[in-house]
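Novice: Enclosed is the structure file start-v5.txt (compact mmCIF, C-alpha atoms and all ligand atoms).
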# COMPACT_ATOMS: atom_id res chain seq x y z
CA MET A 1 14.75 153.32 51.73
CA GLY A 2 12.67 150.98 53.83
CA GLN A 3 11.36 152.46 57.05
CA LEU A 4 8.24 150.77 58.32
CA LYS A 5 5.80 152.30 60.76
CA LEU A 6 2.69 150.72 62.27
CA SER A 7 0.23 152.97 64.11
CA GLY A 8 -2.69 151.49 66.03
CA VAL A 9 -2.77 148.43 63.79
CA THR A 10 -5.29 145.75 64.74
CA LYS A 11 -6.65 142.62 63.11
CA THR A 12 -9.91 140.93 63.91
CA PHE A 13 -11.05 137.61 62.45
CA GLY A 14 -14.75 137.18 63.19
CA LYS A 15 -14.98 138.08 66.86
CA ALA A 16 -11.38 137.38 67.73
CA GLN A 17 -8.95 140.29 67.85
CA VAL A 18 -5.74 138.44 66.98
CA ILE A 19 -3.62 141.61 66.75
CA ARG A 20 -4.23 144.12 69.55
CA PRO A 21 -3.52 147.82 68.87
CA THR A 22 0.10 147.87 67.81
CA ASP A 23 2.57 150.73 67.35
CA LEU A 24 5.98 149.91 65.99
CA VAL A 25 8.78 151.51 64.01
CA ILE A 26 11.37 149.48 62.14
CA GLU A 27 14.18 151.64 60.82
CA ASP A 28 15.52 151.55 57.30
CA GLY A 29 18.15 148.82 56.99
CA ASP A 30 17.24 147.04 60.22
CA PHE A 31 17.08 143.29 60.53
CA ALA A 32 13.98 143.00 62.68
CA VAL A 33 12.80 139.67 64.04
CA PHE A 34 9.34 138.85 65.35
CA VAL A 35 9.41 136.00 67.86
CA GLY A 36 6.67 134.36 69.85
CA PRO A 37 4.86 131.09 70.32
CA SER A 38 2.71 129.50 67.67
CA GLY A 39 -0.58 131.31 67.18
CA CYS A 40 0.54 134.65 68.68
CA GLY A 41 -0.02 136.51 65.41
CA LYS A 42 3.40 136.59 63.73
CA SER A 43 2.20 135.51 60.29
CA THR A 44 -0.83 137.77 60.47
CA MET A 45 1.43 140.72 61.27
CA LEU A 46 3.66 139.94 58.31
CA ARG A 47 0.76 139.36 55.95
CA MET A 48 -0.72 142.75 56.84
CA ILE A 49 2.62 144.44 56.20
CA ALA A 50 2.88 142.63 52.87
CA GLY A 51 -0.66 143.59 51.93
CA LEU A 52 -1.89 140.00 51.77
CA GLU A 53 -4.28 140.70 54.63
CA GLU A 54 -6.16 143.95 55.28
CA VAL A 55 -5.71 145.72 58.59
CA THR A 56 -8.91 146.04 60.61
CA ASP A 57 -7.76 149.35 62.05
CA GLY A 58 -4.73 151.60 62.03
CA THR A 59 -2.17 152.54 59.40
CA ILE A 60 0.92 151.00 57.89
CA GLU A 61 3.48 153.40 56.44
CA ILE A 62 6.51 152.61 54.35
CA ASP A 63 8.97 155.48 54.04
CA GLY A 64 6.31 157.86 55.29
CA ARG A 65 3.66 156.80 52.80
CA VAL A 66 0.46 155.12 53.97
CA VAL A 67 0.22 151.83 52.08
CA ASN A 68 -3.04 150.46 53.52
CA ASP A 69 -4.79 150.64 50.17
CA LEU A 70 -1.88 149.51 48.02
CA PRO A 71 -1.74 145.94 46.66
CA PRO A 72 1.34 143.85 47.55
CA VAL A 73 3.19 144.54 44.30
CA LYS A 74 2.97 148.31 44.82
CA ARG A 75 4.41 148.32 48.34
CA GLY A 76 8.06 147.77 47.50
CA ILE A 77 7.94 144.63 49.61
CA SER A 78 8.68 141.03 48.89
CA MET A 79 7.96 137.95 50.95
CA VAL A 80 9.57 134.52 51.38
CA PHE A 81 7.34 131.87 52.88
CA GLN A 82 8.02 128.79 54.95
CA SER A 83 7.09 126.44 52.18
CA TYR A 84 8.57 127.61 48.96
CA ALA A 85 7.42 126.10 45.71
CA LEU A 86 9.92 126.18 42.88
CA TYR A 87 8.82 125.28 39.38
CA PRO A 88 10.46 121.88 38.76
CA HIS A 89 10.32 122.13 34.95
CA MET A 90 11.99 125.54 34.84
CA SER A 91 15.66 126.37 35.16
CA VAL A 92 16.99 128.13 38.22
CA TYR A 93 17.32 131.23 36.03
CA GLU A 94 13.63 131.15 35.10
CA ASN A 95 12.57 130.40 38.66
CA ILE A 96 14.38 133.51 39.87
CA ALA A 97 13.17 135.54 36.89
CA PHE A 98 9.53 134.59 37.42
CA PRO A 99 8.35 137.80 39.19
CA LEU A 100 10.05 139.83 36.45
CA ARG A 101 8.27 137.85 33.73
CA VAL A 102 4.97 138.53 35.48
CA ALA A 103 5.85 142.23 35.54
CA ARG A 104 6.80 142.07 31.82
CA THR A 105 10.29 143.35 32.52
CA PRO A 106 12.41 143.68 29.33
CA GLN A 107 14.86 140.81 28.79
CA ALA A 108 18.02 142.92 29.17
CA GLU A 109 16.81 144.09 32.56
CA VAL A 110 15.80 140.53 33.53
CA ASP A 111 19.29 139.36 32.69
CA LYS A 112 20.90 142.06 34.79
CA LEU A 113 18.66 141.53 37.82
CA VAL A 114 18.81 137.71 37.78
CA ASN A 115 22.58 137.78 37.52
CA ARG A 116 22.85 140.25 40.36
CA ALA A 117 20.66 138.05 42.60
CA ALA A 118 22.60 134.94 41.57
CA ASP A 119 25.86 136.67 42.46
CA VAL A 120 24.69 137.59 45.92
CA LEU A 121 23.38 134.06 46.54
CA GLN A 122 26.30 132.27 44.90
CA LEU A 123 24.08 130.54 42.39
CA GLN A 124 25.90 131.64 39.23
CA SER A 125 27.06 128.15 38.34
CA ARG A 126 23.56 126.71 38.85
CA LEU A 127 21.47 129.05 36.70
CA GLN A 128 20.84 126.53 33.92
CA HIS A 129 20.08 123.61 36.26
CA ARG A 130 16.63 122.42 37.22
CA PRO A 131 15.71 122.70 40.92
CA GLY A 132 15.73 118.91 41.21
CA ALA A 133 19.48 118.90 40.63
CA LEU A 134 20.19 121.20 43.57
CA SER A 135 20.84 120.63 47.26
CA GLY A 136 18.25 121.72 49.83
CA GLY A 137 20.26 124.81 50.71
CA GLN A 138 20.63 125.79 47.08
CA ARG A 139 16.89 125.38 46.52
CA GLN A 140 16.21 127.62 49.49
CA ARG A 141 18.56 130.19 47.98
CA VAL A 142 16.65 130.05 44.69
CA ALA A 143 13.46 130.83 46.61
CA ILE A 144 15.21 133.78 48.26
CA GLY A 145 16.55 134.82 44.86
CA ARG A 146 13.02 135.02 43.57
CA ALA A 147 12.10 137.29 46.47
CA ILE A 148 15.04 139.64 46.09
CA VAL A 149 15.18 139.85 42.30
CA ARG A 150 12.92 142.88 42.10
CA GLU A 151 15.15 144.56 44.67
CA PRO A 152 12.40 145.61 47.05
CA SER A 153 13.22 147.95 49.91
CA VAL A 154 11.70 145.58 52.47
CA PHE A 155 12.00 141.78 52.59
CA LEU A 156 9.64 139.72 54.70
CA PHE A 157 10.52 136.19 55.75
CA ASP A 158 7.99 133.92 57.43
CA GLU A 159 9.88 131.08 59.11
CA PRO A 160 11.86 130.45 55.94
CA LEU A 161 14.16 127.91 57.58
CA SER A 162 11.75 125.86 59.64
CA ASN A 163 11.56 123.02 57.11
CA LEU A 164 15.34 122.60 56.98
CA ASP A 165 17.50 120.35 59.13
CA ALA A 166 19.61 121.87 61.91
CA ALA A 167 22.88 121.98 59.95
CA LEU A 168 21.29 123.66 56.97
CA ARG A 169 19.45 126.08 59.23
CA ALA A 170 22.72 127.16 60.78
CA GLU A 171 24.24 127.63 57.33
CA MET A 172 21.26 129.65 56.09
CA ARG A 173 21.33 131.88 59.17
CA VAL A 174 24.83 132.92 58.22
CA GLU A 175 23.82 133.39 54.59
CA LEU A 176 20.85 135.57 55.44
CA SER A 177 22.98 137.75 57.69
CA ARG A 178 25.51 138.08 54.89
CA LEU A 179 22.73 138.91 52.43
CA HIS A 180 21.48 141.61 54.77
CA ALA A 181 24.95 143.08 55.15
CA GLN A 182 25.44 143.06 51.40
CA LEU A 183 22.07 144.46 50.32
CA GLY A 184 21.43 146.75 53.29
CA ASN A 185 17.66 146.42 52.90
CA THR A 186 15.19 146.27 55.69
CA MET A 187 14.49 142.67 56.62
CA ILE A 188 11.62 141.54 58.75
CA TYR A 189 11.89 137.98 59.84
CA VAL A 190 9.47 135.76 61.72
CA THR A 191 10.54 132.78 63.77
CA HIS A 192 9.67 130.86 66.89
CA ASP A 193 13.36 129.98 67.25
CA GLN A 194 15.11 132.05 69.92
CA ILE A 195 18.56 131.26 68.58
CA GLU A 196 17.64 132.60 65.15
CA ALA A 197 16.32 135.75 66.76
CA MET A 198 19.36 136.31 68.98
CA THR A 199 21.92 135.69 66.25
CA MET A 200 20.38 137.63 63.38
CA ALA A 201 18.39 140.55 64.77
CA ASP A 202 19.22 144.21 65.17
CA LYS A 203 15.82 144.48 66.78
CA ILE A 204 13.69 141.76 68.37
CA ILE A 205 9.95 142.12 68.78
CA VAL A 206 8.45 139.64 71.23
CA LEU A 207 4.79 138.90 70.55
CA ARG A 208 2.29 137.18 72.79
CA ASP A 209 -1.43 136.84 72.11
CA GLY A 210 -1.34 139.54 69.45
CA MET A 211 0.50 142.05 71.62
CA ILE A 212 4.07 143.30 71.68
CA GLU A 213 5.51 142.33 75.05
CA GLN A 214 8.83 144.05 74.40
CA ALA A 215 10.83 145.35 71.45
CA GLY A 216 14.49 146.24 71.46
CA ASP A 217 17.98 145.12 70.62
CA PRO A 218 18.87 141.52 71.52
CA LEU A 219 21.21 142.34 74.40
CA THR A 220 18.70 144.63 76.09
CA LEU A 221 16.01 141.98 75.87
CA TYR A 222 18.40 139.35 77.13
CA HIS A 223 19.68 141.34 80.09
CA GLN A 224 16.62 143.44 80.86
CA PRO A 225 13.54 141.42 79.96
CA ARG A 226 10.45 143.37 80.93
CA ASN A 227 8.63 140.37 82.35
CA ARG A 228 8.79 136.64 82.88
CA PHE A 229 7.37 135.85 79.49
CA VAL A 230 10.15 137.73 77.70
CA ALA A 231 12.70 136.26 80.07
CA GLY A 232 11.40 132.78 79.43
CA PHE A 233 11.48 133.32 75.73
CA ILE A 234 14.80 135.00 75.16
CA GLY A 235 15.98 136.41 78.44
CA ASN A 236 18.78 135.42 80.74
CA PRO A 237 17.25 132.68 82.88
CA THR A 238 19.33 133.46 85.97
P1 LIG A 301 1.61 132.59 64.17
O1 LIG A 301 2.11 132.89 62.81
O2 LIG A 301 2.28 133.38 65.25
O3 LIG A 301 1.63 131.14 64.49
P2 LIG A 301 -0.94 133.45 63.08
O4 LIG A 301 -0.75 134.86 62.72
O5 LIG A 301 -0.91 132.44 62.01
O6 LIG A 301 0.07 133.06 64.26
O7 LIG A 301 -2.34 133.31 63.82
C1 LIG A 301 -2.74 134.18 64.89
C2 LIG A 301 -4.17 133.85 65.30
O8 LIG A 301 -5.05 134.21 64.26
C3 LIG A 301 -4.39 132.37 65.55
O9 LIG A 301 -5.28 132.24 66.63
C4 LIG A 301 -5.02 131.90 64.27
O10 LIG A 301 -5.86 130.80 64.49
C5 LIG A 301 -5.82 133.12 63.83
N1 LIG A 301 -5.96 133.22 62.36
C6 LIG A 301 -4.94 133.38 61.47
N2 LIG A 301 -5.41 133.48 60.21
C7 LIG A 301 -6.76 133.39 60.31
C8 LIG A 301 -7.85 133.43 59.36
N3 LIG A 301 -7.63 133.60 58.05
N4 LIG A 301 -9.10 133.31 59.83
C9 LIG A 301 -9.34 133.16 61.15
N5 LIG A 301 -8.40 133.11 62.10
C10 LIG A 301 -7.11 133.23 61.69
MG MG A 302 2.98 131.64 61.35
Would it be possible to restate this file's structure as structure tokens?
Ligand code: ADP
Ligand code: MG

Specialist:
Amino acid sequence: MGQLKLSGVTKTFGKAQVIRPTDLVIEDGDFAVFVGPSGCGKSTMLRMIAGLEEVTDGTIEIDGRVVNDLPPVKRGISMVFQSYALYPHMSVYENIAFPLRVARTPQAEVDKLVNRAADVLQLQSRLQHRPGALSGGQRQRVAIGRAIVREPSVFLFDEPLSNLDAALRAEMRVELSRLHAQLGNTMIYVTHDQIEAMTMADKIIVLRDGMIEQAGDPLTLYHQPRNRFVAGFIGNPT
């Protein structure tokens, strides 16, 4: 479960319409990637889907249910941000368990869910460590663990790798693809990095100035870009 549908969604800040009327369907289990230059509205789009920002107009549906009026925790969605703050004084286990503690999940269930997340992310041997004792990649995985521990049907990632160096980014790209294959959830990923988009996406959505220029599978966008902007961004330059 995890189909997402946007119908006529807009967002206006003051007088500026930063998201123009947008229709989009992301199918259950898809790895969908929003790409586009800085300021084109990627984060705003994600924040509206997450429920961190109200839509000005239009509806957002998850599995056929309108979620416009639901708070983030009731949407079955979880979000990983660019800058992830781990709690330095808590163990990896407690960092991952944090959303469950907030939700007052019983300890037996916490144990089961944290261990399942740690398995997927290969953090089993690190659960009792403090974040300070981990590598950058492991810390990033803890942040992802915290997002997946409640097993939401949709994961949102807002440029989660942009603070990492190139080698680690490449490693995390592979890990996220593996995570997606293993969990089968819908993932919606935001990046301004074309390589990330091309290598990870089932579906790429190219945004410019709050509008979808083109959406489709990576090869279609690469070989049949609808216009110069799409071509310049991810298309075949020849
Ligand atoms: P991106 O993530 O693609 O870089 P954003 O979604 O952050 O773009 O921003 C899209 C546009 O909306 C930008 O022009 C930005 O300045 C504006 N914007 C974003 N958040 C706010 C806000 N809270 N108030 C006013 N303008 C905002
Ligand atoms: Mg952004």

Novice: Nearest residue to ligand MG 302 (chain A) out of A:Ser43, A:Thr56, A:Thr199, A:Gln107, using all atoms listed in the file?

Specialist: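 Among the listed residues, A:Ser43 lies closest to ligand MG 302 (chain A).
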
Novice: Calculate how many Å separate atom CA of A:Thr186 from atom CA of A:Met90, rounding to one decimal.

Specialist: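 Between these atoms lies a distance of 29.6 Å.
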
Novice: Excluding A:Leu6 and its own-chain neighbours fewer than 3 positions away, which residues fall within 6 Å of it when counting only C-alpha atoms? Please give them as an MDAnalysis selection string.

Specialist: chainID A and resid 23:24 59:60

Novice: One number please: atom CA of A:Pro160 to atom CA of A:Tyr189, in Å, one decimal.

Specialist: 8.5 Å

Novice: Can you pull out the residues contacting A:Val174? Cut-off 12 Å, using all atoms listed in the file, and skip same-chain residues under 3 positions away; I want them as a list in words.

Specialist: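 Returned residues: Leu121, Gly137, Leu161, Ala167, Leu168, Arg169, Ala170, Glu171, Ser177, Arg178, Leu179, His180, Ala181, Glu196, Thr199, Met200 and Ala201 of chain A.
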
Novice: What separation in Å, quoted to one decimal, exists between atom CA of A:Asp193 and atom CA of A:Ser162?

Specialist: 8.8 Å

Novice: What's the 10 Å shell around A:Arg150, counting all atoms listed in the file, without same-chain residues fewer than 5 positions away, as a PyMOL selection string?

Specialist: chain A and resi 76-78+96-97+99-100+103+105+110+113-114+117+145

Novice: So which residues are near ligand LIG 301 (chain A), meaning at most 8 Å away with all atoms listed in the file counted, given back as a count of residues only?

Specialist: 19

Novice: Taking all atoms listed in the file into account, name the residue in A:Phe233, A:Thr191, A:Leu207, A:Met79 that is nearest to ligand MG 302 (chain A).

Specialist: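 Between A:Phe233, A:Thr191, A:Leu207, A:Met79, the residue approaching ligand MG 302 (chain A) most closely is A:Thr191.
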
Novice: My list of candidates is A:Asn95, A:Glu27, A:Leu221, A:Pro71. Which is closest to A:Ala147 when distances are computed with all atoms listed in the file?

Specialist: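 Residue with the minimum atom-to-atom distance to A:Ala147: A:Asn95.
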
Novice: Please tell me which residues are no farther than 12 Å from (8.4, 140.4, 49.2) in the file, counting all atoms listed in the file, and write them as number ranges by chain.

Specialist: A: 46-47, 49-52, 71-81, 99, 143-158, 185-189

Novice: Could you name the residues that touch A:Glu213 at 10 Å or less, counting all atoms listed in the file, but leaving out those on the same chain fewer than 2 positions away, as a ChimeraX atom specification?

Specialist: /A:36,205-211,215,225-227,229-230

Novice: Write out as an NGL selection string which residues come within 10 Å of A:Arg126 when counting only C-alpha atoms, dropping same-chain ones fewer than 6 positions away.

Specialist: :A and (91-93 or 118 or 133-134 or 138 or 142)

Novice: Take the residues that were just selected and, keeping C-alpha atoms, output them as a PDB file, in the frame of the given file.

Specialist:
ATOM      1  CA  SER A  91      15.660 126.370  35.160  1.00  0.00           C
ATOM      2  CA  VAL A  92      16.990 128.130  38.220  1.00  0.00           C
ATOM      3  CA  TYR A  93      17.320 131.230  36.030  1.00  0.00           C
ATOM      4  CA  ALA A 118      22.600 134.940  41.570  1.00  0.00           C
ATOM      5  CA  ALA A 133      19.480 118.900  40.630  1.00  0.00           C
ATOM      6  CA  LEU A 134      20.190 121.200  43.570  1.00  0.00           C
ATOM      7  CA  GLN A 138      20.630 125.790  47.080  1.00  0.00           C
ATOM      8  CA  VAL A 142      16.650 130.050  44.690  1.00  0.00           C
TER       9      VAL A 142
END

Novice: For a quick check of understanding, using all atoms listed in the file, which of A:Tyr222, A:Phe98, A:Phe34, A:Tyr87 has the smallest distance to ligand MG 302 (chain A)?

Specialist: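 Looking at the shortest contact to ligand MG 302 (chain A), the residue is A:Phe34.
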
Novice: Using only C-alpha atoms and all ligand atoms, which of A:Asp202, A:Asp165, A:Glu159, A:Glu53 sits nearest ligand MG 302 (chain A)?

Specialist: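 Using only C-alpha atoms and all ligand atoms, ligand MG 302 (chain A) sits closest to A:Glu159.
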
Novice: Taking only C-alpha atoms and all ligand atoms into account, name the residue in A:Ala85, A:Gly58, A:Arg65, A:Val35 that is nearest to ligand MG 302 (chain A).

Specialist: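 For ligand MG 302 (chain A), the nearest of the candidates is A:Val35.
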